[in-house]
>>> print(open('structure_21.txt').read())   # compact mmCIF, C-alpha atoms and all ligand atoms
# COMPACT_ATOMS: atom_id res chain seq x y z
CA MET A 1 -61.44 -3.97 -19.59
CA SER A 2 -57.81 -4.30 -20.49
CA ARG A 3 -55.76 -1.51 -21.99
CA GLU A 4 -55.03 -3.41 -25.19
CA TRP A 5 -56.27 -0.42 -27.24
CA ASP A 6 -53.28 1.60 -26.00
CA GLU A 7 -51.31 -0.12 -28.77
CA LEU A 8 -53.83 -0.38 -31.59
CA ALA A 9 -53.90 3.05 -33.24
CA ASP A 10 -52.00 2.10 -36.40
CA TRP A 11 -54.02 -1.09 -36.84
CA TRP A 12 -57.33 0.75 -36.46
CA LEU A 13 -56.38 3.54 -38.87
CA THR A 14 -55.38 0.94 -41.47
CA GLU A 15 -58.69 -0.88 -40.94
CA LEU A 16 -60.58 2.38 -41.41
CA GLU A 17 -58.74 3.32 -44.59
CA SER A 18 -59.06 -0.12 -46.13
CA ASP A 19 -62.80 -0.52 -45.58
CA PRO A 20 -65.00 1.66 -47.82
CA THR A 21 -68.13 0.54 -45.93
CA TYR A 22 -67.18 2.86 -43.06
CA GLU A 23 -67.87 5.93 -45.21
CA GLN A 24 -70.55 4.29 -47.34
CA VAL A 25 -72.67 2.68 -44.61
CA VAL A 26 -71.49 3.36 -41.02
CA VAL A 27 -71.23 7.14 -41.27
CA PRO A 28 -74.59 7.72 -43.06
CA LEU A 29 -76.35 5.36 -40.63
CA LEU A 30 -75.03 7.28 -37.64
CA LEU A 31 -75.71 10.71 -39.17
CA ASP A 32 -79.28 9.70 -39.94
CA LEU A 33 -79.83 8.66 -36.32
CA VAL A 34 -78.71 12.07 -35.01
CA ALA A 35 -80.03 14.29 -37.81
CA ALA A 36 -82.48 16.20 -35.62
CA ASP A 37 -80.24 16.59 -32.56
CA ARG A 38 -78.49 19.58 -31.08
CA GLY A 39 -76.33 20.34 -28.06
CA THR A 40 -73.27 18.72 -26.52
CA VAL A 41 -72.59 15.17 -27.66
CA LEU A 42 -69.97 12.82 -26.23
CA ASP A 43 -68.32 10.58 -28.85
CA VAL A 44 -67.57 7.50 -26.74
CA GLY A 45 -64.44 5.77 -28.02
CA CYS A 46 -63.95 8.56 -30.55
CA GLY A 47 -60.79 7.17 -32.14
CA ASN A 48 -59.17 9.75 -34.43
CA GLY A 49 -62.25 11.97 -34.45
CA ARG A 50 -63.60 10.97 -37.84
CA ILE A 51 -67.19 10.96 -36.57
CA MET A 52 -66.63 14.11 -34.50
CA ALA A 53 -65.64 15.92 -37.71
CA ARG A 54 -68.94 14.90 -39.30
CA LEU A 55 -71.00 15.99 -36.29
CA LYS A 56 -69.30 19.33 -35.91
CA GLY A 57 -70.46 22.42 -37.66
CA GLY A 58 -74.21 22.07 -37.29
CA GLU A 59 -76.18 22.18 -34.09
CA LEU A 60 -74.02 19.53 -32.41
CA HIS A 61 -70.92 20.20 -30.33
CA PRO A 62 -68.89 17.00 -30.05
CA ILE A 63 -66.51 16.10 -27.24
CA GLY A 64 -64.38 13.04 -27.88
CA CYS A 65 -63.21 10.53 -25.30
CA ASP A 66 -60.84 7.63 -25.78
CA LEU A 67 -57.89 5.97 -24.09
CA ASN A 68 -55.55 5.84 -27.09
CA PHE A 69 -53.20 8.79 -26.89
CA SER A 70 -52.25 8.82 -30.56
CA LEU A 71 -55.86 8.63 -31.83
CA LEU A 72 -56.89 11.31 -29.34
CA ALA A 73 -54.14 13.61 -30.58
CA ASP A 74 -55.75 13.45 -34.05
CA ALA A 75 -59.24 13.92 -32.59
CA SER A 76 -58.07 16.98 -30.65
CA ARG A 77 -57.62 18.77 -34.00
CA VAL A 78 -61.37 18.42 -34.51
CA GLY A 79 -62.65 19.40 -31.07
CA SER A 80 -62.35 18.96 -27.33
CA VAL A 81 -61.21 15.57 -26.12
CA ILE A 82 -60.86 13.78 -22.79
CA ARG A 83 -58.50 10.89 -22.14
CA VAL A 84 -60.48 8.21 -20.32
CA HIS A 85 -60.37 4.58 -19.40
CA LEU A 86 -63.98 3.66 -20.04
CA PRO A 87 -66.41 2.79 -18.63
CA GLY A 88 -65.54 5.62 -16.21
CA ILE A 89 -66.46 9.05 -17.62
CA PRO A 90 -65.09 12.10 -15.76
CA LEU A 91 -68.13 14.31 -16.36
CA ARG A 92 -70.81 15.56 -13.96
CA ASP A 93 -74.23 13.94 -13.74
CA ALA A 94 -76.66 15.04 -16.49
CA SER A 95 -74.01 17.30 -18.05
CA ILE A 96 -74.37 16.34 -21.74
CA ASP A 97 -77.27 16.23 -24.18
CA GLY A 98 -76.38 13.03 -25.95
CA ALA A 99 -73.78 10.42 -26.84
CA VAL A 100 -72.71 8.51 -29.93
CA VAL A 101 -70.97 5.13 -29.80
CA VAL A 102 -69.58 3.96 -33.15
CA LEU A 103 -68.20 0.42 -33.53
CA SER A 104 -67.12 0.50 -29.89
CA PHE A 105 -69.69 -1.12 -27.57
CA GLU A 106 -67.94 -4.47 -28.12
CA HIS A 107 -64.86 -3.10 -26.36
CA PHE A 108 -66.56 -1.73 -23.24
CA SER A 109 -67.76 -3.55 -20.13
CA ASP A 110 -71.44 -3.46 -19.13
CA GLU A 111 -70.97 -0.50 -16.77
CA ILE A 112 -70.77 1.76 -19.83
CA PHE A 113 -74.59 1.82 -19.96
CA THR A 114 -75.09 3.04 -16.36
CA GLU A 115 -72.25 5.50 -16.72
CA LEU A 116 -73.72 6.98 -19.91
CA ALA A 117 -77.15 7.12 -18.26
CA ARG A 118 -75.55 9.10 -15.46
CA VAL A 119 -73.87 11.75 -17.64
CA ILE A 120 -76.68 12.21 -20.22
CA ARG A 121 -79.40 14.56 -19.06
CA PRO A 122 -82.95 13.22 -18.65
CA GLY A 123 -84.65 13.65 -22.02
CA GLY A 124 -81.31 13.37 -23.79
CA TRP A 125 -80.37 10.65 -26.25
CA MET A 126 -77.84 8.05 -27.29
CA ALA A 127 -77.14 6.72 -30.79
CA ALA A 128 -74.94 3.79 -31.73
CA VAL A 129 -73.74 1.89 -34.77
CA ALA A 130 -72.37 -1.55 -33.98
CA ASN A 131 -71.66 -4.88 -35.54
CA HIS A 132 -74.90 -6.85 -35.50
CA PRO A 133 -74.70 -9.52 -32.74
CA PHE A 134 -75.59 -12.03 -35.45
CA VAL A 135 -72.00 -11.73 -36.74
CA THR A 136 -70.15 -11.34 -33.43
CA ALA A 137 -71.00 -14.67 -31.77
CA PRO A 138 -67.95 -16.80 -30.99
CA GLY A 139 -67.71 -19.54 -33.60
CA SER A 140 -69.81 -17.67 -36.16
CA ALA A 141 -68.29 -17.79 -39.64
CA SER A 142 -69.09 -18.27 -43.27
CA VAL A 143 -68.97 -21.86 -44.47
CA ILE A 144 -68.51 -22.75 -48.13
CA ASP A 145 -70.14 -25.86 -49.55
CA PRO A 146 -67.23 -27.51 -51.42
CA THR A 147 -69.59 -29.23 -53.83
CA ASP A 148 -71.06 -26.11 -55.37
CA GLY A 149 -69.35 -23.13 -53.71
CA GLU A 150 -72.54 -21.92 -52.02
CA VAL A 151 -71.86 -19.83 -48.91
CA PHE A 152 -73.74 -20.38 -45.64
CA TRP A 153 -73.51 -18.67 -42.27
CA ARG A 154 -72.76 -20.66 -39.12
CA PRO A 155 -74.34 -18.78 -36.17
CA GLY A 156 -71.88 -19.91 -33.48
CA THR A 157 -72.94 -19.60 -29.84
CA TYR A 158 -75.27 -16.67 -30.53
CA LEU A 159 -77.46 -16.91 -27.41
CA ASP A 160 -74.58 -16.86 -24.91
CA ARG A 161 -72.49 -13.86 -24.03
CA GLY A 162 -68.88 -14.46 -25.00
CA GLU A 163 -65.76 -12.94 -26.41
CA THR A 164 -63.53 -13.34 -29.42
CA ILE A 165 -59.88 -12.40 -29.47
CA GLU A 166 -58.74 -11.41 -32.93
CA ASP A 167 -55.32 -10.69 -34.31
CA ALA A 168 -54.55 -7.02 -34.89
CA ASP A 169 -51.18 -7.09 -36.69
CA GLY A 170 -49.71 -9.37 -34.04
CA ARG A 171 -51.55 -7.85 -31.06
CA PRO A 172 -54.74 -9.17 -29.48
CA VAL A 173 -57.99 -7.22 -29.70
CA THR A 174 -60.98 -8.47 -27.72
CA PHE A 175 -64.56 -8.21 -28.96
CA LEU A 176 -67.40 -8.84 -26.49
CA HIS A 177 -70.41 -10.62 -27.91
CA ARG A 178 -73.75 -9.63 -26.40
CA PRO A 179 -76.87 -11.21 -27.93
CA LEU A 180 -79.24 -8.49 -29.15
CA GLY A 181 -81.66 -9.05 -26.26
CA ASN A 182 -78.85 -8.70 -23.74
CA LEU A 183 -77.55 -5.48 -25.32
CA LEU A 184 -81.00 -3.90 -25.37
CA SER A 185 -81.81 -5.07 -21.82
CA LEU A 186 -78.60 -3.57 -20.44
CA ALA A 187 -79.52 -0.23 -21.97
CA ALA A 188 -83.13 -0.47 -20.76
CA ASP A 189 -82.07 -1.38 -17.21
CA ALA A 190 -79.73 1.61 -17.17
CA GLY A 191 -82.55 4.01 -18.07
CA PHE A 192 -82.63 4.16 -21.86
CA LEU A 193 -85.84 3.88 -23.89
CA LEU A 194 -85.36 2.28 -27.31
CA THR A 195 -86.71 4.53 -30.06
CA THR A 196 -85.04 3.15 -33.23
CA LEU A 197 -83.48 -0.17 -34.13
CA ARG A 198 -82.24 -0.66 -37.68
CA GLU A 199 -80.79 -3.98 -38.81
CA VAL A 200 -78.61 -3.33 -41.83
CA PRO A 201 -77.23 -5.77 -44.40
CA LEU A 202 -73.88 -5.38 -46.04
CA GLU A 203 -72.59 -7.03 -49.19
CA ALA A 204 -69.19 -7.70 -47.68
CA GLY A 205 -67.39 -9.49 -44.91
CA GLY A 206 -67.85 -13.03 -46.18
CA LEU A 207 -71.59 -13.09 -45.57
CA PRO A 208 -73.59 -15.31 -47.90
CA ASP A 209 -75.88 -12.59 -49.24
CA ALA A 210 -77.16 -9.12 -48.56
CA GLY A 211 -80.28 -10.48 -46.82
CA LEU A 212 -78.42 -11.11 -43.57
CA PRO A 213 -77.87 -8.40 -40.95
CA ARG A 214 -74.36 -7.03 -40.58
CA LEU A 215 -74.77 -3.78 -38.60
CA ILE A 216 -77.25 -2.29 -36.17
CA GLY A 217 -78.12 1.37 -35.87
CA VAL A 218 -79.78 2.11 -32.54
CA ARG A 219 -81.18 5.19 -30.90
CA TRP A 220 -82.38 5.58 -27.32
CA ALA A 221 -83.97 8.34 -25.30
CA ARG A 222 -82.67 8.92 -21.77
CA ARG A 223 -85.72 8.53 -19.56
C1 LIG B 301 -63.15 0.15 -33.12
S1 LIG B 301 -62.49 1.67 -32.56
C2 LIG B 301 -63.74 2.83 -33.05
C3 LIG B 301 -63.24 4.25 -33.04
C4 LIG B 301 -64.24 5.30 -33.54
N1 LIG B 301 -65.50 5.24 -32.83
C5 LIG B 301 -64.46 5.19 -35.03
O1 LIG B 301 -65.58 4.95 -35.46
O2 LIG B 301 -63.47 5.35 -35.78
C6 LIG B 301 -62.73 1.54 -30.81
C7 LIG B 301 -62.25 2.75 -30.05
O3 LIG B 301 -62.55 2.58 -28.67
C8 LIG B 301 -61.40 2.94 -27.90
N2 LIG B 301 -61.42 2.17 -26.65
C9 LIG B 301 -61.46 0.83 -26.52
N3 LIG B 301 -61.50 0.49 -25.22
C10 LIG B 301 -61.50 1.64 -24.51
C11 LIG B 301 -61.55 1.96 -23.12
N4 LIG B 301 -61.63 1.00 -22.17
N5 LIG B 301 -61.55 3.25 -22.76
C12 LIG B 301 -61.49 4.24 -23.70
N6 LIG B 301 -61.46 4.01 -25.02
C13 LIG B 301 -61.45 2.73 -25.42
C14 LIG B 301 -60.22 2.60 -28.77
O4 LIG B 301 -59.04 3.28 -28.42
C15 LIG B 301 -60.75 2.95 -30.15
O5 LIG B 301 -60.48 4.28 -30.50
>>> encode(input="structure_21.txt", output="structure tokens")
Amino acid sequence: MSREWDELADWWLTELESDPTYEQVVVPLLLDLVAADRGTVLDVGCGNGRIMARLKGGELHPIGCDLNFSLLADASRVGSVIRVHLPGIPLRDASIDGAVVVLSFEHFSDEIFTELARVIRPGGWMAAVANHPFVTAPGSASVIDPTDGEVFWRPGTYLDRGETIEDADGRPVTFLHRPLGNLLSLAADAGFLLTTLREVPLEAGGLPDAGLPRLIGVRWARR
């Protein structure tokens, strides 16, 4: 993957601050998925450590990893951090109990799954919150009926893998689209057993109504 995230710290922090759904939906979804866990957890693409701060203090000991120097500097105030260019993870085989991946899978190449399977101990776990593939397909968008203002959702090329390049305050940021079956198969092939899959609506983001999925919360066991 490219190093475009080297330059995106300010954009991401503004996104975080301007979107209340991060605290209202993303954080509780993730915390619920890891509520019973303990041990060393790698926050993969940890950003400024906002999730690490929420994991710390109980039975979990977070280590953050990210490539963005500025975000990592903030995260280092919360706990230990490693500067990485994922998917490579400079940790020994089976050296951590679990991993969390929050809003980040779309930025990592497929090797992230085998690499996480390598560093998580057998019997360990992985939990992720991600945009639902339903809303990440290239060409997907809300469409407004001009006659009555009703909002529909155009699915785009959902069944194909693809990517979307969005504008981040004048810089490109690439989002990989993996159909749900592809995402789950990559994890299964790498050695993860699906134990929870939550499809979560959100009354925001231009979606027609709250009955459509907007986020997924996923938990796997490392076989
Ligand atoms: C959308 S942000 C999410 C950050 C954090 N998980 C959160 O919830 O605030 C994606 C994060 O992944 C990091 N990232 C993207 N590509 C990366 C790569 N190849 N290696 C390491 N980190 C990467 C970015 O720097 C950024 O912090």
>>> residues_near_point(input="structure_21.txt", point="(-52.5, 8.0, -28.3)", cutoff="10 Å", atoms="only C-alpha atoms", output="PyMOL selection string")
chain A and resi 5-9+47-48+66-75+83
>>> write_last_selection(input="structure_21.txt", atoms="C-alpha atoms", output="PDB file, in the frame of the given file")
ATOM      1  CA  TRP A   5     -56.270  -0.420 -27.240  1.00  0.00           C
ATOM      2  CA  ASP A   6     -53.280   1.600 -26.000  1.00  0.00           C
ATOM      3  CA  GLU A   7     -51.310  -0.120 -28.770  1.00  0.00           C
ATOM      4  CA  LEU A   8     -53.830  -0.380 -31.590  1.00  0.00           C
ATOM      5  CA  ALA A   9     -53.900   3.050 -33.240  1.00  0.00           C
ATOM      6  CA  GLY A  47     -60.790   7.170 -32.140  1.00  0.00           C
ATOM      7  CA  ASN A  48     -59.170   9.750 -34.430  1.00  0.00           C
ATOM      8  CA  ASP A  66     -60.840   7.630 -25.780  1.00  0.00           C
ATOM      9  CA  LEU A  67     -57.890   5.970 -24.090  1.00  0.00           C
ATOM     10  CA  ASN A  68     -55.550   5.840 -27.090  1.00  0.00           C
ATOM     11  CA  PHE A  69     -53.200   8.790 -26.890  1.00  0.00           C
ATOM     12  CA  SER A  70     -52.250   8.820 -30.560  1.00  0.00           C
ATOM     13  CA  LEU A  71     -55.860   8.630 -31.830  1.00  0.00           C
ATOM     14  CA  LEU A  72     -56.890  11.310 -29.340  1.00  0.00           C
ATOM     15  CA  ALA A  73     -54.140  13.610 -30.580  1.00  0.00           C
ATOM     16  CA  ASP A  74     -55.750  13.450 -34.050  1.00  0.00           C
ATOM     17  CA  ALA A  75     -59.240  13.920 -32.590  1.00  0.00           C
ATOM     18  CA  ARG A  83     -58.500  10.890 -22.140  1.00  0.00           C
TER      19      ARG A  83
END
>>> atom_distance(input="structure_21.txt", atom1="atom CA of A:Val100", atom2="atom CA of A:Asp169")
27.4 Å
>>> closest_residue(input="structure_21.txt", among="A:Leu13, A:Val102, A:Met52, A:Leu60", to="ligand LIG 301 (chain B)", atoms="all atoms listed in the file")
A:Val102
>>> residues_near_point(input="structure_21.txt", point="(-70.2, -19.9, -28.9)", cutoff="12 Å", atoms="all atoms listed in the file", output="compact mmCIF listing (two decimals) with C-alpha atoms, in the frame of the given file")
# COMPACT_ATOMS: atom_id res chain seq x y z
CA PRO A 133 -74.70 -9.52 -32.74
CA PHE A 134 -75.59 -12.03 -35.45
CA VAL A 135 -72.00 -11.73 -36.74
CA THR A 136 -70.15 -11.34 -33.43
CA ALA A 137 -71.00 -14.67 -31.77
CA PRO A 138 -67.95 -16.80 -30.99
CA GLY A 139 -67.71 -19.54 -33.60
CA SER A 140 -69.81 -17.67 -36.16
CA ALA A 141 -68.29 -17.79 -39.64
CA ARG A 154 -72.76 -20.66 -39.12
CA PRO A 155 -74.34 -18.78 -36.17
CA GLY A 156 -71.88 -19.91 -33.48
CA THR A 157 -72.94 -19.60 -29.84
CA TYR A 158 -75.27 -16.67 -30.53
CA LEU A 159 -77.46 -16.91 -27.41
CA ASP A 160 -74.58 -16.86 -24.91
CA ARG A 161 -72.49 -13.86 -24.03
CA GLY A 162 -68.88 -14.46 -25.00
CA GLU A 163 -65.76 -12.94 -26.41
CA THR A 164 -63.53 -13.34 -29.42
CA LEU A 176 -67.40 -8.84 -26.49
CA HIS A 177 -70.41 -10.62 -27.91
CA ARG A 178 -73.75 -9.63 -26.40
CA PRO A 179 -76.87 -11.21 -27.93
>>> residues_around(input="structure_21.txt", residues="A:Leu180", least_positions_apart="3", cutoff="8 Å", atoms="only C-alpha atoms", output="NGL selection string")
:A and (132-133 or 183-184)
>>> write_last_selection(input="structure_21.txt", atoms="C-alpha atoms", output="PDB file, keeping the file's coordinate frame")
ATOM      1  CA  HIS A 132     -74.900  -6.850 -35.500  1.00  0.00           C
ATOM      2  CA  PRO A 133     -74.700  -9.520 -32.740  1.00  0.00           C
ATOM      3  CA  LEU A 183     -77.550  -5.480 -25.320  1.00  0.00           C
ATOM      4  CA  LEU A 184     -81.000  -3.900 -25.370  1.00  0.00           C
TER       5      LEU A 184
END
>>> closest_residue(input="structure_21.txt", among="A:Ala128, A:Val218, A:Cys46, A:Ala99", to="A:Trp12", atoms="all atoms listed in the file")
A:Cys46
>>> atom_distance(input="structure_21.txt", atom1="atom CA of A:Val78", atom2="atom C10 of ligand LIG 301 (chain B)")
19.5 Å
>>> closest_residue(input="structure_21.txt", among="A:Val101, A:Ala130, A:Ala36, A:Ala53", to="ligand LIG 301 (chain B)", atoms="all atoms listed in the file")
A:Val101
>>> closest_residue(input="structure_21.txt", among="A:Ala127, A:Leu86, A:Val200, A:Val34", to="A:Arg3", atoms="only C-alpha atoms")
A:Leu86
>>> atom_distance(input="structure_21.txt", atom1="atom CA of A:Leu33", atom2="atom CA of A:Val173")
27.8 Å
>>> decode(input="structure_21.txt", residues="stretch 166-195 of chain A", atoms="N, CA and C atoms", output="short mmCIF file (atom, residue, chain, number, x, y, z; two decimals), in the first residue's frame")
data_model
loop_
_atom_site.label_atom_id
_atom_site.label_comp_id
_atom_site.auth_asym_id
_atom_site.auth_seq_id
_atom_site.Cartn_x
_atom_site.Cartn_y
_atom_site.Cartn_z
N GLU A 166 -10.73 9.06 -2.38
CA GLU A 166 -11.50 10.22 -1.94
C GLU A 166 -10.56 11.39 -1.68
N ASP A 167 -11.17 12.55 -1.60
CA ASP A 167 -10.39 13.76 -1.35
C ASP A 167 -10.30 14.02 0.15
N ALA A 168 -9.08 14.13 0.63
CA ALA A 168 -8.86 14.43 2.05
C ALA A 168 -8.17 15.79 2.12
N ASP A 169 -8.97 16.85 2.08
CA ASP A 169 -8.42 18.22 2.10
C ASP A 169 -7.32 18.40 1.06
N GLY A 170 -7.60 17.95 -0.15
CA GLY A 170 -6.65 18.15 -1.25
C GLY A 170 -5.67 17.02 -1.45
N ARG A 171 -5.69 16.02 -0.57
CA ARG A 171 -4.80 14.86 -0.73
C ARG A 171 -5.65 13.62 -0.98
N PRO A 172 -5.11 12.65 -1.73
CA PRO A 172 -5.90 11.45 -1.98
C PRO A 172 -5.84 10.47 -0.81
N VAL A 173 -6.96 9.82 -0.54
CA VAL A 173 -6.96 8.72 0.43
C VAL A 173 -7.73 7.56 -0.22
N THR A 174 -7.07 6.39 -0.23
CA THR A 174 -7.62 5.24 -0.95
C THR A 174 -8.34 4.30 0.01
N PHE A 175 -9.54 3.90 -0.38
CA PHE A 175 -10.33 2.94 0.40
C PHE A 175 -10.51 1.68 -0.45
N LEU A 176 -10.08 0.54 0.06
CA LEU A 176 -10.29 -0.73 -0.64
C LEU A 176 -11.68 -1.24 -0.33
N HIS A 177 -12.39 -1.65 -1.37
CA HIS A 177 -13.69 -2.29 -1.16
C HIS A 177 -13.53 -3.80 -1.30
N ARG A 178 -13.88 -4.52 -0.23
CA ARG A 178 -13.94 -5.98 -0.27
C ARG A 178 -15.39 -6.38 0.03
N PRO A 179 -16.05 -7.10 -0.89
CA PRO A 179 -17.38 -7.59 -0.55
C PRO A 179 -17.31 -8.40 0.74
N LEU A 180 -18.42 -8.46 1.48
CA LEU A 180 -18.39 -9.09 2.80
C LEU A 180 -17.85 -10.52 2.73
N GLY A 181 -18.27 -11.28 1.71
CA GLY A 181 -17.79 -12.66 1.58
C GLY A 181 -16.29 -12.73 1.39
N ASN A 182 -15.74 -11.78 0.65
CA ASN A 182 -14.30 -11.75 0.41
C ASN A 182 -13.55 -11.42 1.70
N LEU A 183 -14.05 -10.43 2.44
CA LEU A 183 -13.41 -10.06 3.71
C LEU A 183 -13.39 -11.24 4.68
N LEU A 184 -14.53 -11.91 4.82
CA LEU A 184 -14.61 -13.02 5.77
C LEU A 184 -13.79 -14.21 5.30
N SER A 185 -13.72 -14.44 3.99
CA SER A 185 -12.93 -15.56 3.46
C SER A 185 -11.44 -15.33 3.65
N LEU A 186 -11.00 -14.09 3.48
CA LEU A 186 -9.57 -13.78 3.70
C LEU A 186 -9.19 -14.09 5.14
N ALA A 187 -10.06 -13.70 6.07
CA ALA A 187 -9.78 -13.97 7.48
C ALA A 187 -9.81 -15.47 7.75
N ALA A 188 -10.80 -16.16 7.20
CA ALA A 188 -10.91 -17.61 7.42
C ALA A 188 -9.70 -18.34 6.85
N ASP A 189 -9.28 -17.96 5.65
CA ASP A 189 -8.12 -18.62 5.02
C ASP A 189 -6.85 -18.39 5.82
N ALA A 190 -6.79 -17.25 6.51
CA ALA A 190 -5.59 -16.95 7.29
C ALA A 190 -5.56 -17.69 8.63
N GLY A 191 -6.72 -18.23 9.05
CA GLY A 191 -6.73 -18.98 10.31
C GLY A 191 -7.62 -18.39 11.39
N PHE A 192 -8.59 -17.55 10.97
CA PHE A 192 -9.49 -16.96 11.95
C PHE A 192 -10.88 -17.58 11.83
N LEU A 193 -11.46 -17.88 12.99
CA LEU A 193 -12.81 -18.47 13.05
C LEU A 193 -13.79 -17.37 13.45
N LEU A 194 -14.76 -17.11 12.59
CA LEU A 194 -15.74 -16.05 12.88
C LEU A 194 -16.59 -16.44 14.09
N THR A 195 -16.67 -15.54 15.07
CA THR A 195 -17.52 -15.82 16.23
C THR A 195 -18.66 -14.81 16.39
#
